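Trainee: Let me give you the structure first, and then I'll get to my questions.
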Amino acid sequence: MSIPSRLIWAAMLWVLLRPACGFAAGIDTEHIYGFMIGSDVGDSGEREFQTTSTGRFSKQAGAYQALGQQLELEFVPIKNLRIEIETTLAAYDIQSVPGLVDRTQAGWQGAALDLRYQFLDRETALFGLTLDFESHGNRIDETTASRAQNFGNELTVVLERDLIPKLAVATLNLGYQPEWTHFAGLPTAEQESTLTAAFGVMAQVRPDFLLGGEARYFRQYGGIGLNELAGEAFFVGPTAYFQLSDRARLTATWSFQAWGRPAGTSATLDLVNFERQQARVVFGLNF
């Protein structure tokens, strides 16, 4: 068993064996999902350090492993507004994958700025509503690991409502992500865009332990104006959230591609534009 797996199992056992208490505090959804985001943004004056480890595995043939390590600082300078600054390290092992050059490499990938504003709080409104805008720049293409100048934005609308007050919550993410990529040595830049729809449910099993799942659907296009469909994929998998202490937390999630289709084919998985499996572990610390 790998070290990350041991840490996850140890955290789960630690939470389950702790004495139970009431559920009066309810659910703070800011960090309970792995790939999705919740509508809560934190309290004014809050500061956090976060590490996000993401793995993407398996293409249509050969061996494909892409690992990303994000280091993030989060601030809530005023009520309802969260600012996040990120930098990312990446490692790749690509061997005999059709359409990709064999590579084994690691290095600094890029940086990002994320702004999140909560318009409606589900505690006082019919549902929670938050708008998230992320802008990033990368020096390594996240799929091929080739040297490139990559710029992109991601706009996400978050809708959220309690299913059972203080016990279970449902979240919907709707996103649009345009990308511009200029590969080293090529005369022109490429453009693409992705539409996403994701739905998650998390339930509070114990005051410090939430369990649920995320289902995510992607449609990828050539061109930033959704010009031509390149492929689509549907991912689903479980998510667990652990409140380790008053300051520390851990989220672990895994997704597999249940269905997909590259444009113009009858395949049942899209392993050209997407991976077969994705996993993420997020550790956060308030300071």
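Chain labels A, B, ... are given in the sequence in which chains occur in the structure tokens; within each chain residues are numbered consecutively from 1, and ligands are likewise numbered from 1 in the order shown.
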What lies within 7 Å of Leu210 of chain A using only C-alpha atoms, ignoring chain neighbours under 5 positions off, as an mmCIF file with C-alpha atoms, in the first residue's frame?

Mentor:
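Everything below was put into part14.cif:
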```
data_model
loop_
_atom_site.group_PDB
_atom_site.id
_atom_site.type_symbol
_atom_site.label_atom_id
_atom_site.label_comp_id
_atom_site.auth_asym_id
_atom_site.auth_seq_id
_atom_site.Cartn_x
_atom_site.Cartn_y
_atom_site.Cartn_z
ATOM 1 C CA MET A 202 -22.102 14.828 0.527
ATOM 2 C CA ALA A 203 -23.583 13.497 3.793
ATOM 3 C CA GLN A 204 -22.269 14.027 7.326
ATOM 4 C CA VAL A 205 -21.684 10.534 8.725
ATOM 5 C CA ALA A 240 -14.537 11.599 1.488
ATOM 6 C CA TYR A 241 -13.851 14.624 3.692
ATOM 7 C CA PHE A 242 -12.046 14.480 7.038
#
```

Trainee: For a quick check of understanding, using only C-alpha atoms, which of A:Leu129, A:Ala145, A:Ile27, A:Leu73 has the smallest distance to Val169 of chain A?

Mentor: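 Smallest distance to Val169 of chain A is found for A:Ile27.
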
Trainee: At what distance in Å, to one decimal, does atom CA of Leu271 of chain A lie from atom CA of Lys59 of chain A?

Mentor: 4.9 Å

Trainee: Just the number, please: distance in Å from atom CA of His182 of chain A to atom CA of Ala112 of chain A, one decimal.

Mentor: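 Spanning atom CA of His182 of chain A to atom CA of Ala112 of chain A is a straight-line distance of 17.8 Å.
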
Trainee: May I have the residues within 6 Å of segment 256-259 of chain A as an MDAnalysis selection string, using only C-alpha atoms and disregarding those fewer than 5 positions away in the same chain?

Mentor: chainID A and resid 233:236 268:269 276:277

Trainee: Give me, as an NGL selection string, all polymer residues having an atom no more than 8 Å from Thr51 of chain A, counting only C-alpha atoms and skipping those fewer than 2 positions away in the same chain.

Mentor: :A and (49 or 53 or 69-72 or 282-284)

Trainee: May I have the selected residues written with N, CA, C and O atoms, as a PDB file, in the first residue's frame?

Mentor:
```
ATOM      1  N   PHE A  49      -3.458  27.585   3.955  1.00  0.00           N
ATOM      2  CA  PHE A  49      -2.493  26.994   3.037  1.00  0.00           C
ATOM      3  C   PHE A  49      -3.040  25.632   2.621  1.00  0.00           C
ATOM      4  O   PHE A  49      -3.539  24.874   3.461  1.00  0.00           O
ATOM      5  N   SER A  53      -2.936  17.339  -4.592  1.00  0.00           N
ATOM      6  CA  SER A  53      -2.217  16.329  -5.380  1.00  0.00           C
ATOM      7  C   SER A  53      -3.200  15.651  -6.318  1.00  0.00           C
ATOM      8  O   SER A  53      -4.188  15.056  -5.869  1.00  0.00           O
ATOM      9  N   GLN A  69       1.087  18.725  -8.542  1.00  0.00           N
ATOM     10  CA  GLN A  69       1.120  19.139  -7.141  1.00  0.00           C
ATOM     11  C   GLN A  69       0.944  20.646  -7.062  1.00  0.00           C
ATOM     12  O   GLN A  69       1.827  21.407  -7.451  1.00  0.00           O
ATOM     13  N   GLN A  70      -0.226  21.071  -6.610  1.00  0.00           N
ATOM     14  CA  GLN A  70      -0.515  22.497  -6.469  1.00  0.00           C
ATOM     15  C   GLN A  70      -0.239  22.945  -5.035  1.00  0.00           C
ATOM     16  O   GLN A  70      -0.626  22.269  -4.075  1.00  0.00           O
ATOM     17  N   LEU A  71       0.409  24.111  -4.916  1.00  0.00           N
ATOM     18  CA  LEU A  71       0.606  24.761  -3.632  1.00  0.00           C
ATOM     19  C   LEU A  71      -0.203  26.050  -3.667  1.00  0.00           C
ATOM     20  O   LEU A  71      -0.031  26.870  -4.575  1.00  0.00           O
ATOM     21  N   GLU A  72      -1.073  26.249  -2.666  1.00  0.00           N
ATOM     22  CA  GLU A  72      -2.058  27.322  -2.754  1.00  0.00           C
ATOM     23  C   GLU A  72      -2.145  28.117  -1.451  1.00  0.00           C
ATOM     24  O   GLU A  72      -2.048  27.548  -0.364  1.00  0.00           O
ATOM     25  N   VAL A 282      -6.529  16.456  -1.186  1.00  0.00           N
ATOM     26  CA  VAL A 282      -6.364  17.858  -0.828  1.00  0.00           C
ATOM     27  C   VAL A 282      -6.159  17.960   0.685  1.00  0.00           C
ATOM     28  O   VAL A 282      -6.971  17.450   1.458  1.00  0.00           O
ATOM     29  N   PHE A 283      -5.062  18.603   1.094  1.00  0.00           N
ATOM     30  CA  PHE A 283      -4.800  18.845   2.508  1.00  0.00           C
ATOM     31  C   PHE A 283      -4.758  20.340   2.751  1.00  0.00           C
ATOM     32  O   PHE A 283      -4.083  21.083   2.015  1.00  0.00           O
ATOM     33  N   GLY A 284      -5.498  20.813   3.750  1.00  0.00           N
ATOM     34  CA  GLY A 284      -5.544  22.236   4.035  1.00  0.00           C
ATOM     35  C   GLY A 284      -5.266  22.535   5.491  1.00  0.00           C
ATOM     36  O   GLY A 284      -5.556  21.723   6.390  1.00  0.00           O
TER      37      GLY A 284
END
```

Trainee: Here is a test: counting only C-alpha atoms, which residue of A:Gly128, A:Thr144, A:Gly200, A:Gly213 is nearest to Thr181 of chain A?

Mentor: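 Result for the nearest residue to Thr181 of chain A: A:Thr144.
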
Trainee: Would you list the contacts of Trp254 of chain A as a short mmCIF file (atom, residue, chain, number, x, y, z; two decimals) with N, CA and C atoms, in the first residue's frame, taking every protein, DNA or RNA residue within 8 Å and counting only C-alpha atoms, but skipping same-chain residues closer than 3 positions in sequence?

Mentor:
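Generated output (result-v4.cif):
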```
data_model
loop_
_atom_site.label_atom_id
_atom_site.label_comp_id
_atom_site.auth_asym_id
_atom_site.auth_seq_id
_atom_site.Cartn_x
_atom_site.Cartn_y
_atom_site.Cartn_z
N GLY A 237 -17.41 8.93 -9.21
CA GLY A 237 -16.62 8.28 -8.18
C GLY A 237 -16.90 8.84 -6.80
N PRO A 238 -16.37 8.18 -5.75
CA PRO A 238 -16.63 8.58 -4.36
C PRO A 238 -15.71 9.70 -3.89
N THR A 239 -16.17 10.41 -2.87
CA THR A 239 -15.40 11.48 -2.22
C THR A 239 -15.57 11.37 -0.71
N GLN A 277 -8.79 7.27 -15.56
CA GLN A 277 -8.97 7.46 -14.12
C GLN A 277 -8.36 8.78 -13.67
N GLN A 278 -8.97 9.39 -12.67
CA GLN A 278 -8.46 10.61 -12.07
C GLN A 278 -8.61 10.49 -10.55
N ALA A 279 -7.62 10.98 -9.81
CA ALA A 279 -7.67 10.92 -8.36
C ALA A 279 -7.11 12.22 -7.79
N ARG A 280 -7.57 12.59 -6.60
CA ARG A 280 -7.09 13.84 -5.99
C ARG A 280 -7.14 13.72 -4.46
#
```

Trainee: Hey, which of A:Leu126, A:Leu244, A:Val272, A:Ala111 ends up closest to Gly152 of chain A? Count only C-alpha atoms.

Mentor: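 Nearest candidate to Gly152 of chain A out of A:Leu126, A:Leu244, A:Val272, A:Ala111: A:Ala111.
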
Trainee: I need the residues in segment 92-235 of chain A that are strand (DSSP E) according to DSSP; give them as an MDAnalysis selection string.

Mentor: chainID A and resid 92:95 103:120 128:140 147:164 168:183 190:206 209:222 228:235

Trainee: Of the residues A:Val76, A:Leu229, A:Leu67, A:Leu195, which is the one nearest to Thr52 of chain A, using only C-alpha atoms?

Mentor: A:Leu67

Trainee: Name the closest residue to Gln243 of chain A among the candidates A:Arg47, A:Arg122, A:Arg206, A:Arg161; distances are taken between atoms, counting only C-alpha atoms.

Mentor: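 The answer is A:Arg206, which sits nearest to Gln243 of chain A.
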
Trainee: Can you pull out every residue within 10 Å of Pro178 of chain A, counting only C-alpha atoms, but drop anything in the same chain fewer than 5 positions away, and send it as a ChimeraX atom specification?

Mentor: /A:151-155,191-195,220-226

Trainee: Pull all heavy atoms from the residues just selected and write them as a compact mmCIF listing (two decimals), in the first residue's frame.

Mentor:
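Output file selection_9.txt follows:
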```txt
# COMPACT_ATOMS: atom_id res chain seq x y z
N PHE A 151 -2.41 29.55 -21.92
CA PHE A 151 -3.18 30.48 -21.12
C PHE A 151 -4.64 30.03 -21.16
O PHE A 151 -5.15 29.62 -22.21
CB PHE A 151 -3.06 31.91 -21.64
CG PHE A 151 -1.65 32.42 -21.67
CD1 PHE A 151 -0.92 32.34 -22.85
CD2 PHE A 151 -1.06 32.95 -20.54
CE1 PHE A 151 0.39 32.81 -22.90
CE2 PHE A 151 0.24 33.40 -20.57
CZ PHE A 151 0.97 33.33 -21.75
N GLY A 152 -5.30 30.12 -20.02
CA GLY A 152 -6.69 29.71 -19.98
C GLY A 152 -7.45 30.36 -18.85
O GLY A 152 -6.87 30.87 -17.89
N ASN A 153 -8.76 30.35 -18.99
CA ASN A 153 -9.66 30.84 -17.95
C ASN A 153 -10.71 29.77 -17.67
O ASN A 153 -11.00 28.93 -18.53
CB ASN A 153 -10.36 32.14 -18.38
CG ASN A 153 -9.38 33.25 -18.68
OD1 ASN A 153 -8.50 33.54 -17.87
ND2 ASN A 153 -9.50 33.87 -19.85
N GLU A 154 -11.27 29.83 -16.49
CA GLU A 154 -12.36 28.91 -16.16
C GLU A 154 -13.41 29.66 -15.35
O GLU A 154 -13.11 30.21 -14.29
CB GLU A 154 -11.85 27.70 -15.37
CG GLU A 154 -12.94 26.68 -15.10
CD GLU A 154 -12.41 25.37 -14.55
OE1 GLU A 154 -11.19 25.26 -14.36
OE2 GLU A 154 -13.23 24.46 -14.33
N LEU A 155 -14.62 29.68 -15.88
CA LEU A 155 -15.74 30.34 -15.21
C LEU A 155 -16.70 29.26 -14.73
O LEU A 155 -17.18 28.44 -15.53
CB LEU A 155 -16.45 31.29 -16.17
CG LEU A 155 -17.64 32.07 -15.61
CD1 LEU A 155 -17.18 33.03 -14.51
CD2 LEU A 155 -18.35 32.82 -16.73
N GLN A 191 -6.49 26.60 -30.20
CA GLN A 191 -7.55 27.05 -29.29
C GLN A 191 -8.51 25.90 -29.05
O GLN A 191 -8.81 25.12 -29.96
CB GLN A 191 -8.30 28.24 -29.88
CG GLN A 191 -7.46 29.47 -30.13
CD GLN A 191 -8.26 30.61 -30.71
OE1 GLN A 191 -9.48 30.52 -30.86
NE2 GLN A 191 -7.59 31.70 -31.05
N GLU A 192 -8.98 25.80 -27.82
CA GLU A 192 -9.98 24.80 -27.49
C GLU A 192 -10.83 25.32 -26.33
O GLU A 192 -10.45 26.29 -25.65
CB GLU A 192 -9.34 23.46 -27.11
CG GLU A 192 -8.50 23.50 -25.86
CD GLU A 192 -7.92 22.14 -25.51
OE1 GLU A 192 -7.70 21.33 -26.44
OE2 GLU A 192 -7.69 21.90 -24.32
N SER A 193 -11.94 24.69 -26.10
CA SER A 193 -12.82 25.07 -24.99
C SER A 193 -13.54 23.83 -24.48
O SER A 193 -13.74 22.86 -25.21
CB SER A 193 -13.82 26.14 -25.43
OG SER A 193 -14.52 25.74 -26.59
N THR A 194 -13.93 23.91 -23.21
CA THR A 194 -14.60 22.77 -22.57
C THR A 194 -15.79 23.25 -21.77
O THR A 194 -15.71 24.23 -21.02
CB THR A 194 -13.63 22.03 -21.62
OG1 THR A 194 -12.45 21.65 -22.33
CG2 THR A 194 -14.28 20.79 -21.04
N LEU A 195 -16.92 22.57 -21.95
CA LEU A 195 -18.10 22.79 -21.13
C LEU A 195 -18.17 21.67 -20.09
O LEU A 195 -17.92 20.50 -20.42
CB LEU A 195 -19.37 22.78 -21.97
CG LEU A 195 -19.61 23.96 -22.91
CD1 LEU A 195 -20.91 23.75 -23.67
CD2 LEU A 195 -19.65 25.28 -22.14
N GLN A 220 -15.62 18.64 -24.90
CA GLN A 220 -14.46 19.41 -25.36
C GLN A 220 -14.61 19.76 -26.83
O GLN A 220 -15.02 18.93 -27.64
CB GLN A 220 -13.17 18.62 -25.14
CG GLN A 220 -11.92 19.42 -25.46
CD GLN A 220 -10.67 18.74 -24.93
OE1 GLN A 220 -10.59 18.37 -23.77
NE2 GLN A 220 -9.68 18.56 -25.79
N TYR A 221 -14.25 21.03 -27.16
CA TYR A 221 -14.43 21.55 -28.51
C TYR A 221 -13.11 22.13 -29.03
O TYR A 221 -12.28 22.61 -28.26
CB TYR A 221 -15.48 22.66 -28.53
CG TYR A 221 -16.87 22.23 -28.19
CD1 TYR A 221 -17.27 22.13 -26.86
CD2 TYR A 221 -17.79 21.94 -29.19
CE1 TYR A 221 -18.57 21.75 -26.54
CE2 TYR A 221 -19.08 21.56 -28.87
CZ TYR A 221 -19.47 21.46 -27.55
OH TYR A 221 -20.76 21.09 -27.24
N GLY A 222 -12.96 22.14 -30.35
CA GLY A 222 -11.92 22.91 -30.99
C GLY A 222 -12.39 24.34 -31.14
O GLY A 222 -13.55 24.59 -31.52
N GLY A 223 -11.52 25.32 -30.81
CA GLY A 223 -11.92 26.73 -30.84
C GLY A 223 -12.54 27.15 -29.53
O GLY A 223 -13.20 26.36 -28.85
N ILE A 224 -12.36 28.44 -29.17
CA ILE A 224 -12.89 28.92 -27.90
C ILE A 224 -14.37 29.22 -27.97
O ILE A 224 -15.01 29.46 -26.94
CB ILE A 224 -12.12 30.18 -27.44
CG1 ILE A 224 -12.27 31.32 -28.45
CG2 ILE A 224 -10.65 29.86 -27.19
CD1 ILE A 224 -11.71 32.63 -27.97
N GLY A 225 -14.95 29.21 -29.16
CA GLY A 225 -16.38 29.48 -29.32
C GLY A 225 -17.20 28.22 -29.47
O GLY A 225 -18.27 28.27 -30.09
N LEU A 226 -16.72 27.09 -28.93
CA LEU A 226 -17.43 25.81 -29.04
C LEU A 226 -17.67 25.47 -30.51
O LEU A 226 -18.77 25.06 -30.91
CB LEU A 226 -18.77 25.86 -28.28
CG LEU A 226 -18.70 26.39 -26.83
CD1 LEU A 226 -20.09 26.44 -26.23
CD2 LEU A 226 -17.79 25.55 -25.97
```

Trainee: Which is closest to Ser96 of chain A among A:Gly264, A:Glu46, A:Ala61, A:Thr188, if we use only C-alpha atoms?

Mentor: A:Ala61

Trainee: Residues of segment 11-246 of chain A classed as alpha helix (DSSP H) by DSSP on the backbone are to be reported as an MDAnalysis selection string.

Mentor: chainID A and resid 11:17
